[in-house]
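The next block is query_1.csv, given as CSV, C-alpha atoms.
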```csv
chain,number,residue,atom,x,y,z
A,19,MET,CA,0.3,-143.5,119.7
A,20,ILE,CA,-3.4,-142.8,120.0
A,21,THR,CA,-4.8,-140.5,117.3
A,22,CYS,CA,-8.2,-139.0,116.7
A,23,ARG,CA,-10.4,-141.4,114.7
A,24,LEU,CA,-12.0,-138.5,112.9
A,25,CYS,CA,-9.2,-136.1,111.9
A,26,GLY,CA,-6.1,-138.1,112.7
A,27,SER,CA,-4.6,-135.6,115.1
A,28,ASP,CA,-2.4,-136.8,118.0
A,29,ARG,CA,-3.5,-133.8,120.2
A,30,LEU,CA,-5.8,-135.8,122.5
A,31,ALA,CA,-6.3,-134.3,126.0
A,32,GLY,CA,-7.5,-136.4,128.9
A,33,VAL,CA,-11.0,-135.5,130.2
A,34,VAL,CA,-11.6,-138.3,132.9
A,35,ASP,CA,-10.0,-141.6,133.6
A,36,LEU,CA,-12.5,-144.1,135.0
A,37,GLY,CA,-10.0,-146.9,135.5
A,38,ALA,CA,-10.5,-150.3,133.9
A,39,THR,CA,-13.8,-152.1,133.6
A,40,PRO,CA,-15.3,-155.0,131.6
A,41,PRO,CA,-17.5,-154.1,128.6
A,42,CYS,CA,-20.8,-152.9,130.1
A,43,GLU,CA,-23.1,-155.4,128.3
A,44,SER,CA,-21.0,-158.5,129.1
A,45,PHE,CA,-23.4,-159.9,131.7
A,46,LEU,CA,-22.2,-163.0,133.4
A,47,THR,CA,-23.9,-166.4,133.9
A,48,ALA,CA,-23.5,-168.2,137.2
A,49,GLY,CA,-21.1,-170.6,135.5
A,50,GLN,CA,-18.8,-167.7,134.7
A,51,LEU,CA,-18.4,-166.4,138.2
A,52,ASP,CA,-15.3,-168.4,138.9
A,53,GLU,CA,-13.7,-167.4,135.6
A,54,PRO,CA,-11.5,-164.3,135.0
A,55,GLU,CA,-13.0,-161.2,133.4
A,56,VAL,CA,-11.1,-159.1,130.8
A,57,THR,CA,-11.1,-155.3,131.6
A,58,TYR,CA,-10.2,-152.4,129.4
A,59,PRO,CA,-9.1,-148.9,130.3
A,60,LEU,CA,-11.9,-146.4,130.3
A,61,HIS,CA,-10.2,-143.0,129.7
A,62,LEU,CA,-12.1,-140.3,127.9
A,63,ARG,CA,-10.1,-137.9,125.8
A,64,VAL,CA,-11.0,-135.0,123.6
A,65,CYS,CA,-9.3,-134.0,120.3
A,66,GLU,CA,-8.0,-130.5,120.4
A,67,GLU,CA,-8.3,-130.2,116.6
A,68,CYS,CA,-11.9,-131.3,115.8
A,69,TRP,CA,-13.2,-131.6,119.5
A,70,LEU,CA,-14.5,-135.1,119.1
A,71,ALA,CA,-14.5,-136.7,122.5
A,72,GLN,CA,-13.5,-140.4,122.3
A,73,LEU,CA,-12.3,-143.7,123.7
A,74,PRO,CA,-9.7,-145.8,122.1
A,75,PRO,CA,-11.4,-148.7,120.1
A,76,LEU,CA,-10.4,-151.4,122.6
A,77,ILE,CA,-13.3,-153.6,121.8
A,78,THR,CA,-15.0,-154.4,118.5
A,79,PRO,CA,-18.7,-153.9,117.6
A,80,GLU,CA,-18.8,-157.6,116.8
A,81,GLU,CA,-17.9,-158.5,120.4
A,82,THR,CA,-20.8,-156.3,121.7
A,83,PHE,CA,-23.6,-156.5,119.1
A,84,THR,CA,-23.5,-160.0,117.6
A,85,GLU,CA,-25.8,-160.9,120.5
A,86,TYR,CA,-27.0,-158.0,122.5
A,87,ALA,CA,-28.7,-157.7,125.9
A,88,TYR,CA,-30.5,-154.4,125.2
A,89,PHE,CA,-34.0,-154.5,123.9
A,90,SER,CA,-35.4,-150.9,123.3
A,91,SER,CA,-39.0,-151.9,123.8
A,92,TYR,CA,-38.6,-152.5,127.5
A,93,SER,CA,-38.6,-148.7,127.9
A,94,SER,CA,-42.2,-147.5,127.5
A,95,SER,CA,-41.1,-143.9,127.3
A,96,TRP,CA,-38.6,-144.7,124.5
A,97,VAL,CA,-41.2,-146.5,122.5
A,98,GLU,CA,-43.5,-143.5,122.9
A,99,HIS,CA,-40.7,-141.2,121.9
A,100,ALA,CA,-40.3,-143.2,118.7
A,101,ARG,CA,-44.1,-143.2,118.1
A,102,ARG,CA,-44.2,-139.4,118.3
A,103,PHE,CA,-41.3,-139.1,115.9
A,104,VAL,CA,-42.9,-141.3,113.3
A,105,GLU,CA,-46.3,-139.5,113.8
A,106,GLY,CA,-44.6,-136.2,113.0
A,107,LEU,CA,-43.1,-137.4,109.8
A,108,TYR,CA,-44.6,-136.4,106.4
A,109,LEU,CA,-44.3,-139.7,104.6
A,110,GLN,CA,-45.8,-140.3,101.2
A,111,PRO,CA,-47.5,-143.7,100.7
A,112,ASP,CA,-44.7,-144.8,98.4
A,113,ALA,CA,-41.9,-143.7,100.7
A,114,PHE,CA,-39.2,-146.0,101.9
A,115,VAL,CA,-37.7,-145.7,105.4
A,116,VAL,CA,-34.5,-147.5,106.6
A,117,GLU,CA,-33.4,-147.6,110.2
A,118,VAL,CA,-29.9,-148.5,111.0
A,119,ALA,CA,-29.4,-150.3,114.4
A,120,SER,CA,-33.2,-150.9,114.4
A,121,ASN,CA,-33.0,-153.1,117.5
A,122,ASP,CA,-36.3,-154.9,118.2
A,123,GLY,CA,-38.5,-152.8,115.9
A,124,TYR,CA,-39.4,-150.3,118.6
A,125,LEU,CA,-39.6,-147.5,115.9
A,126,LEU,CA,-40.2,-149.2,112.6
A,127,GLN,CA,-43.3,-150.9,114.0
A,128,HIS,CA,-45.0,-147.5,113.9
A,129,VAL,CA,-43.9,-147.1,110.2
A,130,VAL,CA,-45.4,-150.6,109.4
A,131,GLU,CA,-48.6,-149.5,111.1
A,132,ARG,CA,-48.8,-146.6,108.6
A,133,GLY,CA,-48.5,-148.9,105.7
A,134,VAL,CA,-45.2,-147.4,104.6
A,135,ARG,CA,-42.4,-149.6,103.2
A,136,CYS,CA,-39.5,-149.9,105.6
A,137,LEU,CA,-36.4,-152.0,106.4
A,138,GLY,CA,-34.4,-152.4,109.6
A,139,ILE,CA,-30.6,-153.1,109.5
A,140,GLU,CA,-29.7,-154.6,112.9
A,141,PRO,CA,-26.4,-156.5,113.6
A,142,SER,CA,-27.7,-158.4,116.7
A,143,ALA,CA,-29.5,-161.5,115.6
A,144,ASN,CA,-31.4,-162.0,118.8
A,145,VAL,CA,-33.0,-158.5,118.9
A,146,GLY,CA,-33.5,-158.6,115.1
A,147,ARG,CA,-35.6,-161.7,115.6
A,148,ALA,CA,-37.8,-159.8,118.0
A,149,ALA,CA,-38.3,-157.1,115.3
A,150,ILE,CA,-39.3,-159.6,112.7
A,151,GLY,CA,-41.8,-161.0,115.2
A,152,ARG,CA,-43.4,-157.5,115.2
A,153,GLY,CA,-43.7,-157.6,111.4
A,154,VAL,CA,-40.6,-155.4,110.8
A,155,PRO,CA,-38.5,-156.6,107.8
A,156,THR,CA,-34.9,-156.8,109.2
A,157,LEU,CA,-31.5,-157.6,107.9
A,158,THR,CA,-28.8,-158.9,110.2
A,159,GLU,CA,-25.9,-156.7,109.1
A,160,PHE,CA,-23.4,-154.1,110.3
A,161,LEU,CA,-23.6,-150.9,108.2
A,162,SER,CA,-20.6,-150.2,106.0
A,163,PRO,CA,-20.3,-148.4,102.7
A,164,GLU,CA,-20.6,-151.8,101.0
A,165,THR,CA,-23.7,-152.8,102.9
A,166,GLY,CA,-25.3,-149.4,102.1
A,167,ARG,CA,-24.6,-149.8,98.4
A,168,ARG,CA,-25.9,-153.4,98.4
A,169,VAL,CA,-29.1,-152.5,100.2
A,170,ARG,CA,-29.7,-149.5,97.9
A,171,ALA,CA,-29.2,-151.7,94.8
A,172,GLU,CA,-31.7,-154.3,96.1
A,173,TYR,CA,-34.4,-152.2,97.8
A,174,GLY,CA,-33.9,-148.7,96.2
A,175,PRO,CA,-32.7,-145.5,97.8
A,176,ALA,CA,-34.3,-144.5,101.1
A,177,ASP,CA,-36.3,-141.3,101.5
A,178,LEU,CA,-35.5,-141.3,105.2
A,179,VAL,CA,-32.6,-143.0,107.0
A,180,VAL,CA,-32.9,-143.1,110.8
A,181,ALA,CA,-29.9,-143.9,113.1
A,182,ASN,CA,-30.9,-143.6,116.7
A,183,ASN,CA,-28.4,-144.3,119.5
A,184,VAL,CA,-25.8,-145.8,117.2
A,185,TYR,CA,-23.6,-143.0,116.0
A,186,ALA,CA,-21.6,-143.2,119.2
A,187,HIS,CA,-21.3,-147.0,118.9
A,188,ILE,CA,-19.1,-147.3,115.8
A,189,PRO,CA,-15.3,-146.9,115.8
A,190,ASP,CA,-15.2,-146.3,112.0
A,191,VAL,CA,-17.2,-143.1,112.1
A,192,VAL,CA,-16.2,-142.1,108.5
A,193,GLY,CA,-17.0,-145.5,107.0
A,194,PHE,CA,-20.4,-145.7,108.9
A,195,THR,CA,-21.3,-142.2,107.6
A,196,LYS,CA,-20.5,-143.2,104.1
A,197,GLY,CA,-22.8,-146.1,104.6
A,198,LEU,CA,-25.6,-143.7,105.6
A,199,ARG,CA,-24.9,-141.7,102.5
A,200,ALA,CA,-25.1,-144.8,100.3
A,201,LEU,CA,-28.5,-145.7,101.7
A,202,VAL,CA,-30.2,-142.3,101.4
A,203,ALA,CA,-31.7,-140.9,98.2
A,204,ASP,CA,-30.1,-137.8,96.7
A,205,ASP,CA,-33.1,-135.8,97.7
A,206,GLY,CA,-33.6,-137.7,101.0
A,207,ARG,CA,-32.8,-137.0,104.6
A,208,VAL,CA,-30.9,-138.7,107.4
A,209,SER,CA,-32.0,-138.4,111.1
A,210,ILE,CA,-29.5,-139.2,113.8
A,211,GLU,CA,-30.1,-139.2,117.6
A,212,VAL,CA,-27.1,-139.3,119.8
A,213,GLN,CA,-26.3,-138.1,123.3
A,214,HIS,CA,-25.1,-134.5,123.5
A,215,LEU,CA,-21.7,-134.0,125.0
A,216,LEU,CA,-22.9,-130.6,126.3
A,217,THR,CA,-25.4,-132.2,128.7
A,218,LEU,CA,-23.0,-135.0,129.5
A,219,VAL,CA,-20.4,-132.5,130.8
A,220,GLU,CA,-22.7,-129.9,132.2
A,221,LEU,CA,-25.0,-132.4,134.0
A,222,ASN,CA,-22.2,-134.7,135.1
A,223,GLN,CA,-23.5,-137.7,133.2
A,224,TRP,CA,-20.2,-139.5,133.4
A,225,ASP,CA,-21.7,-143.0,133.8
A,226,THR,CA,-22.8,-142.9,130.1
A,227,ILE,CA,-19.1,-143.3,129.3
A,228,TYR,CA,-18.5,-146.9,128.4
A,229,HIS,CA,-16.6,-149.0,125.9
A,230,GLU,CA,-19.3,-149.5,123.4
A,231,HIS,CA,-19.6,-145.7,123.1
A,232,PHE,CA,-16.6,-144.9,121.1
A,233,GLN,CA,-17.2,-141.2,120.7
A,234,TYR,CA,-19.3,-138.4,122.2
A,235,TYR,CA,-20.5,-135.5,120.0
A,236,THR,CA,-20.9,-131.8,120.1
A,237,VAL,CA,-22.8,-130.4,117.1
A,238,ALA,CA,-19.4,-129.0,116.0
A,239,SER,CA,-17.8,-132.5,115.9
A,240,ALA,CA,-20.9,-134.1,114.5
A,241,ARG,CA,-21.0,-131.7,111.6
A,242,ARG,CA,-17.5,-132.6,110.8
A,243,ALA,CA,-18.2,-136.3,111.1
A,244,LEU,CA,-21.2,-136.0,108.8
A,245,ALA,CA,-19.2,-134.1,106.2
A,246,SER,CA,-16.5,-136.8,106.2
A,247,GLY,CA,-19.1,-139.2,104.7
A,248,GLY,CA,-20.7,-136.8,102.2
A,249,LEU,CA,-23.6,-135.4,104.4
A,250,THR,CA,-24.4,-131.8,105.2
A,251,LEU,CA,-25.9,-131.0,108.6
A,252,VAL,CA,-29.0,-128.9,108.0
A,253,ASP,CA,-30.8,-128.8,111.3
A,254,VAL,CA,-30.5,-129.9,114.9
A,255,GLU,CA,-33.0,-130.4,117.7
A,256,LEU,CA,-32.3,-130.6,121.4
A,257,LEU,CA,-34.1,-133.6,123.0
A,258,PRO,CA,-34.5,-134.7,126.7
A,259,THR,CA,-33.9,-138.4,125.9
A,260,HIS,CA,-31.0,-140.1,127.6
A,261,GLY,CA,-30.4,-137.1,129.8
A,262,GLY,CA,-30.0,-134.8,126.8
A,263,SER,CA,-29.6,-135.7,123.2
A,264,ILE,CA,-29.3,-134.1,119.8
A,265,ARG,CA,-31.3,-135.0,116.7
A,266,LEU,CA,-29.2,-134.2,113.7
A,267,TRP,CA,-30.8,-133.8,110.3
A,268,ALA,CA,-28.5,-134.2,107.4
A,269,GLU,CA,-28.9,-134.2,103.6
A,270,PRO,CA,-26.5,-135.2,100.7
A,271,ARG,CA,-26.8,-131.8,99.0
A,272,GLU,CA,-23.9,-129.5,99.7
A,273,SER,CA,-26.2,-126.5,98.8
A,274,ALA,CA,-28.9,-127.5,101.3
A,275,THR,CA,-30.4,-124.7,103.4
A,276,VAL,CA,-29.1,-124.8,107.0
A,277,SER,CA,-31.4,-123.9,109.9
A,278,HIS,CA,-30.5,-121.2,112.3
A,279,ARG,CA,-30.8,-123.8,115.1
A,280,VAL,CA,-27.4,-125.2,114.1
A,281,ALA,CA,-25.7,-121.9,114.8
A,282,ASP,CA,-27.8,-121.5,118.0
A,283,VAL,CA,-26.5,-124.8,119.5
A,284,LEU,CA,-23.0,-124.2,118.3
A,285,GLY,CA,-23.2,-121.0,120.3
A,286,LEU,CA,-24.3,-122.9,123.4
A,287,GLU,CA,-21.4,-125.2,123.1
A,288,LYS,CA,-18.9,-122.4,122.6
A,289,ALA,CA,-20.3,-120.6,125.6
A,290,ALA,CA,-19.8,-123.7,127.7
A,291,GLY,CA,-16.2,-123.9,126.6
A,292,LEU,CA,-16.5,-127.2,124.7
A,293,HIS,CA,-14.7,-125.9,121.6
A,294,GLU,CA,-11.6,-125.5,123.8
A,295,LEU,CA,-10.1,-127.3,126.8
A,296,SER,CA,-11.6,-125.0,129.4
A,297,GLY,CA,-15.0,-126.6,129.4
A,298,TYR,CA,-13.6,-130.0,130.4
A,299,GLN,CA,-11.2,-129.1,133.2
A,300,ASP,CA,-13.4,-129.6,136.3
A,301,PHE,CA,-15.2,-132.7,135.0
A,302,ALA,CA,-13.0,-135.3,136.7
A,303,ALA,CA,-13.4,-133.5,140.1
A,304,ARG,CA,-17.2,-133.6,139.8
A,305,VAL,CA,-17.1,-137.3,138.9
A,306,ALA,CA,-15.0,-138.0,142.0
A,307,LYS,CA,-17.5,-136.2,144.2
A,308,VAL,CA,-20.4,-138.4,142.9
A,309,ARG,CA,-18.2,-141.5,143.7
A,310,ARG,CA,-17.5,-140.4,147.2
A,311,ASP,CA,-21.1,-139.4,147.9
A,312,LEU,CA,-22.5,-142.7,146.7
A,313,LEU,CA,-20.1,-144.8,148.6
A,314,ARG,CA,-20.6,-142.8,151.8
A,315,PHE,CA,-24.4,-143.3,151.4
A,316,LEU,CA,-24.1,-147.1,150.8
A,317,VAL,CA,-21.6,-147.7,153.6
A,318,THR,CA,-23.7,-145.7,156.1
A,319,ALA,CA,-26.8,-147.6,155.0
A,320,ALA,CA,-25.0,-150.9,155.5
A,321,ASP,CA,-23.7,-149.8,159.0
A,322,GLU,CA,-27.2,-148.9,160.0
A,323,GLY,CA,-28.6,-152.3,158.9
A,324,ARG,CA,-30.7,-150.8,156.1
A,325,THR,CA,-31.2,-152.8,152.8
A,326,VAL,CA,-30.4,-151.3,149.5
A,327,VAL,CA,-31.2,-152.9,146.1
A,328,GLY,CA,-31.0,-151.6,142.6
A,329,TYR,CA,-33.4,-151.0,139.8
A,330,GLY,CA,-32.2,-151.6,136.3
A,331,ALA,CA,-29.1,-153.1,134.8
A,332,PRO,CA,-28.2,-150.6,132.0
A,333,GLY,CA,-24.8,-150.1,130.6
A,334,LYS,CA,-24.5,-146.8,132.4
A,335,GLY,CA,-25.2,-148.6,135.7
A,336,ASN,CA,-22.3,-150.9,135.1
A,337,THR,CA,-19.9,-148.0,134.6
A,338,LEU,CA,-21.1,-146.4,137.8
A,339,LEU,CA,-20.9,-149.6,139.9
A,340,ASN,CA,-17.5,-150.5,138.7
A,341,HIS,CA,-15.9,-147.1,139.0
A,342,CYS,CA,-17.4,-146.7,142.5
A,343,GLY,CA,-16.4,-150.2,143.6
A,344,VAL,CA,-19.9,-151.2,144.5
A,345,ARG,CA,-20.2,-154.9,145.2
A,346,PRO,CA,-23.0,-157.2,146.6
A,347,ASP,CA,-22.1,-156.3,150.2
A,348,LEU,CA,-23.4,-152.7,149.5
A,349,LEU,CA,-26.0,-153.5,146.8
A,350,ALA,CA,-27.7,-156.9,147.4
A,351,TYR,CA,-29.1,-157.2,143.9
A,352,THR,CA,-30.6,-155.2,141.1
A,353,VAL,CA,-33.8,-156.0,139.0
A,354,ASP,CA,-34.5,-155.5,135.4
A,355,ARG,CA,-37.6,-155.8,133.1
A,356,ASN,CA,-35.5,-157.6,130.5
A,357,PRO,CA,-35.8,-161.4,131.0
A,358,TYR,CA,-32.5,-161.9,129.1
A,359,LYS,CA,-30.7,-160.5,132.2
A,360,HIS,CA,-32.5,-162.5,134.8
A,361,GLY,CA,-30.3,-165.0,136.6
A,362,ARG,CA,-27.2,-163.2,135.3
A,363,PHE,CA,-24.7,-160.9,137.1
A,364,THR,CA,-23.5,-157.5,136.3
A,365,PRO,CA,-20.0,-157.4,134.8
A,366,GLY,CA,-17.2,-156.6,137.1
A,367,SER,CA,-19.3,-155.9,140.2
A,368,ARG,CA,-21.1,-159.3,139.9
A,369,ILE,CA,-24.3,-158.2,141.4
A,370,PRO,CA,-27.3,-160.6,140.9
A,371,ILE,CA,-30.0,-159.4,138.4
A,372,LEU,CA,-33.5,-160.6,139.4
A,373,GLU,CA,-37.1,-160.1,138.3
A,374,PRO,CA,-38.7,-156.7,139.2
A,375,GLU,CA,-41.2,-158.4,141.5
A,376,ARG,CA,-38.5,-159.0,144.0
A,377,ILE,CA,-38.6,-155.4,145.2
A,378,GLY,CA,-42.2,-155.7,146.3
A,379,ALA,CA,-41.5,-159.1,147.9
A,380,ASP,CA,-38.4,-157.9,149.9
A,381,ARG,CA,-39.5,-154.3,150.7
A,382,PRO,CA,-36.0,-152.8,150.9
A,383,ASP,CA,-35.3,-149.5,152.6
A,384,TYR,CA,-33.8,-148.0,149.5
A,385,VAL,CA,-33.9,-148.6,145.7
A,386,LEU,CA,-30.9,-147.3,143.8
A,387,VAL,CA,-32.2,-146.3,140.3
A,388,LEU,CA,-29.4,-146.9,137.8
A,389,PRO,CA,-31.2,-145.8,134.6
A,390,TRP,CA,-31.6,-142.3,136.0
A,391,ASN,CA,-32.4,-140.9,132.5
A,392,LEU,CA,-35.9,-142.6,132.9
A,393,ARG,CA,-36.5,-140.6,136.1
A,394,GLU,CA,-40.1,-139.6,135.6
A,395,GLU,CA,-41.1,-143.0,134.2
A,396,LEU,CA,-39.5,-144.9,137.0
A,397,ILE,CA,-40.7,-142.6,139.8
A,398,GLU,CA,-44.2,-143.5,138.6
A,399,GLN,CA,-43.4,-147.2,138.1
A,400,LEU,CA,-41.8,-147.5,141.5
A,401,SER,CA,-44.4,-145.4,143.4
A,402,TYR,CA,-45.4,-148.6,145.3
A,403,VAL,CA,-42.1,-148.4,147.2
A,404,ARG,CA,-43.5,-145.7,149.3
A,405,GLU,CA,-46.1,-148.1,150.7
A,406,TRP,CA,-43.6,-149.5,153.2
A,407,GLY,CA,-41.6,-146.2,153.6
A,408,GLY,CA,-39.0,-147.1,151.1
A,409,ARG,CA,-37.1,-144.4,149.2
A,410,LEU,CA,-35.6,-144.0,145.7
A,411,VAL,CA,-32.0,-143.0,145.3
A,412,PHE,CA,-30.7,-141.3,142.1
A,413,PRO,CA,-26.9,-141.2,142.0
A,414,VAL,CA,-26.4,-138.9,138.9
A,415,PRO,CA,-26.0,-136.0,138.3
A,416,ARG,CA,-25.7,-135.8,142.1
A,417,LEU,CA,-26.8,-138.1,144.9
A,418,GLU,CA,-30.5,-137.5,145.6
A,419,VAL,CA,-32.8,-139.5,148.0
A,420,VAL,CA,-36.5,-139.2,147.0
A,421,SER,CA,-39.3,-140.0,149.4
```

If you took the structure in this file and wrote it as C-alpha cells, what would it be?
Amino acid sequence: MITCRLCGSDRLAGVVDLGATPPCESFLTAGQLDEPEVTYPLHLRVCEECWLAQLPPLITPEETFTEYAYFSSYSSSWVEHARRFVEGLYLQPDAFVVEVASNDGYLLQHVVERGVRCLGIEPSANVGRAAIGRGVPTLTEFLSPETGRRVRAEYGPADLVVANNVYAHIPDVVGFTKGLRALVADDGRVSIEVQHLLTLVELNQWDTIYHEHFQYYTVASARRALASGGLTLVDVELLPTHGGSIRLWAEPRESATVSHRVADVLGLEKAAGLHELSGYQDFAARVAKVRRDLLRFLVTAADEGRTVVGYGAPGKGNTLLNHCGVRPDLLAYTVDRNPYKHGRFTPGSRIPILEPERIGADRPDYVLVLPWNLREELIEQLSYVREWGGRLVFPVPRLEVVS
C-alpha cells in the first residue's frame, strides 16, 4: 500500500496519471539506442490529510544525482536570479553560508565574490567539480541528519542555509529537513525555493511532474514538512522562477515571529481549493487537452512538409515528449546549451540533442521551446529565427505559436 511520506496516511487521491516514462535525466548515448529502457509509472497523487502532492519513490536520488546532466549556470536568468538574492542579503563579514544542492556554484560564486565564507554540499561529483573550478568550496555529499551534524562540527553552524530546487527532489523529506536543522545556527535562517503547487495546477504546468520530483508543495504542506524537522516557517515570497515558485524562510525558534505573508498565501491556496480535493479535479482533463493540441499541431506540420525542431532538453521537456508520444518523425531534433547533452538522445522519445548552432544552419519553420519557464530569456535568444520567417512554439500552459 502506498502511504504519504510526510504524515503516513493511506488516503492518497489520484491527480493525474502520465503513464510510464524513463527518468527524465537519463539521456542516452548512441550505443544505448539498441538497449531496453526502464520506465516507471508517473502518477501524481495528493494526500487528503496533509495535502502533500507526491509520487511514489520509484527511483533513488543516487540513481539521478551521482552524475547529473543539469548545470544551473547554463541559464543566464537563473544566475542573475541568484546574484540578486545574494545582493539582497545582509551578511556580516564573519558570516557562514551553506548551500545544499549547490550545483555548479551558480549562487555561491556571488557569496565568494563578497568575501564571505561559504560551503556547497552537492551530491553530483561532475557538477561539483565545476563549482570548485569557480572557487566555491564544495563537498560531494547527500544531505542527511548525520551529514548536517558532521558539517556543523567541522565548519561551525551556518548563519544562512540555502536549498534551492532541491526540496522536491528528496524522498526522505523528514530526514532532509532534519539535516537542514543540523546545519543552521540556533539564531540562523534557512531559505528554500521550490515550485509552488498553486501555479503548477492553475497554470497547467504538468510537464514539471517527473520522477526526480518526489513531492510538490503548497505552503500548507511545506509548513508541516518544515515542522517535521524542527523548523518554523516564518515568511514566504512568491517568485516567478520555474513558472511560479515559493521562497520559504524558516528558523529553528518555535517562538519566531511569523510574517502575515504566510497567512496571505495560505488564503490563496485555500481559495483555489488546494486544501481539499476540489482544486485538483479538472487537472487531468486540462493535461489531456495540451497533449491533443500539441500532437495535432505537429502532425499537421509534418503533413504540410514543414520542419519542426526543439530548443532545450530539460527534464520537463522529457515528460512532455513522452506523455505526448512525440518521436523524431514529428520533432527532428532538439538543441541545448549544455555540451554534456550533445550527441546524446532524450530518454524514451530518443530525439537527438545537438548544438544550438544547428537551428541557424537548418532554418526550420518552427522551434518548439521545451523550457517554457525561460520564455522571455529565450524569445530574446531566439529572435534570429524570425530572420527566415521561423516561429517559436510554446506548448505549456497551452499551445501558442509566436511570430

Any idea what's packed within 8 Å of Leu392 of chain A, counting all atoms listed in the file, ignoring anything in its chain fewer than 4 positions away? Could you give it as JSON, numbers by chain?
{"A": [95, 260, 396]}

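You will find atom CA of His293 of chain A at 24.2 Å from atom CA of Phe194 of chain A.
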
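Protein, DNA and RNA residues at most 9 Å from (-15.0, -136.6, 105.8), with all atoms listed in the file, are these: Leu24, Cys25, Val192, Thr195, Lys196, Arg242, Ala243, Leu244, Ala245, Ser246, Gly247, Gly248 and Leu249 of chain A.
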
Rounded to one decimal in Å, what is the spacing between atom CA of Ser209 of chain A and atom CA of Phe103 of chain A?
10.5 Å

Residue with smallest distance to Leu62 of chain A - pool A:Leu286, A:Ile264, A:Ala302, A:Val34, counting only C-alpha atoms
A:Val34

Report as a list in words all protein, DNA and RNA residues lying within 9 Å of Trp267 of chain A, evaluated on only C-alpha atoms, omitting residues in the same chain fewer than 5 positions from it.
Arg207, Val208, Ser209, Ile210, Thr250, Leu251, Val252, Asp253, Val254 and Glu255 of chain A

For the atom pair atom CA of Leu410 of chain A and atom CA of Val387 of chain A, what is the interatomic distance in Å to one decimal place?
6.8 Å

Could you list, as a PDB file with C-alpha atoms, in the coordinates of the input, every residue within 8 Å of Glu294 of chain A, counting only C-alpha atoms and ignoring same-chain residues fewer than 3 positions away?
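File part.pdb, as written:
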```
ATOM      1  CA  GLU A  66      -8.000-130.500 120.400  1.00  0.00           C
ATOM      2  CA  TRP A  69     -13.200-131.600 119.500  1.00  0.00           C
ATOM      3  CA  GLY A 291     -16.200-123.900 126.600  1.00  0.00           C
ATOM      4  CA  GLY A 297     -15.000-126.600 129.400  1.00  0.00           C
TER       5      GLY A 297
END
```

Which residue gives the smallest distance to Trp96 of chain A among A:Ile371, A:Ala149, A:Ala200, A:Leu125, with only C-alpha atoms counted?
A:Leu125

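Comparing the minimum interatomic distances between Leu284 of chain A and each of A:Ala38, A:Val327, A:Ala240, A:Leu338, counting all atoms listed in the file, we find that A:Ala240 sits nearest.
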
Skip Tyr235 of chain A itself and residues of its chain fewer than 4 positions away, then list as an MDAnalysis selection string all residues within 6 Å of it, counting only C-alpha atoms.
chainID A and resid 214:215 239:240

For Gly407 of chain A, which of A:Pro141, A:Gly361, A:Gly366, A:Gly378 is the closest residue, counting all atoms listed in the file?
A:Gly378

Counting all atoms listed in the file, which residue out of A:Gly32, A:Gly153, A:Gly335, A:Gly206 sits closest to Ala274 of chain A?
A:Gly206

Any idea what's packed within 8 Å of segment 305-309 of chain A, counting only C-alpha atoms, ignoring anything in its chain fewer than 5 positions away? Could you give it as an mmCIF file with C-alpha atoms, keeping the file's coordinate frame?
```
data_model
loop_
_atom_site.group_PDB
_atom_site.id
_atom_site.type_symbol
_atom_site.label_atom_id
_atom_site.label_comp_id
_atom_site.auth_asym_id
_atom_site.auth_seq_id
_atom_site.Cartn_x
_atom_site.Cartn_y
_atom_site.Cartn_z
ATOM 1 C CA ASN A 222 -22.200 -134.700 135.100
ATOM 2 C CA TRP A 224 -20.200 -139.500 133.400
ATOM 3 C CA HIS A 341 -15.900 -147.100 139.000
ATOM 4 C CA CYS A 342 -17.400 -146.700 142.500
ATOM 5 C CA PRO A 413 -26.900 -141.200 142.000
ATOM 6 C CA VAL A 414 -26.400 -138.900 138.900
ATOM 7 C CA PRO A 415 -26.000 -136.000 138.300
ATOM 8 C CA ARG A 416 -25.700 -135.800 142.100
ATOM 9 C CA LEU A 417 -26.800 -138.100 144.900
#
```

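Considering the residues A:Val276, A:Leu256, A:Leu51, A:Leu76 and counting only C-alpha atoms, Ile20 of chain A has its shortest atom-to-atom contact with A:Leu76.
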
Counting only C-alpha atoms, find the residues whose atoms lie at most 7 Å from (-40.1, -148.2, 133.6) (file coordinates) and write them out as a PyMOL selection string.
chain A and resi 93-94+395-396+399
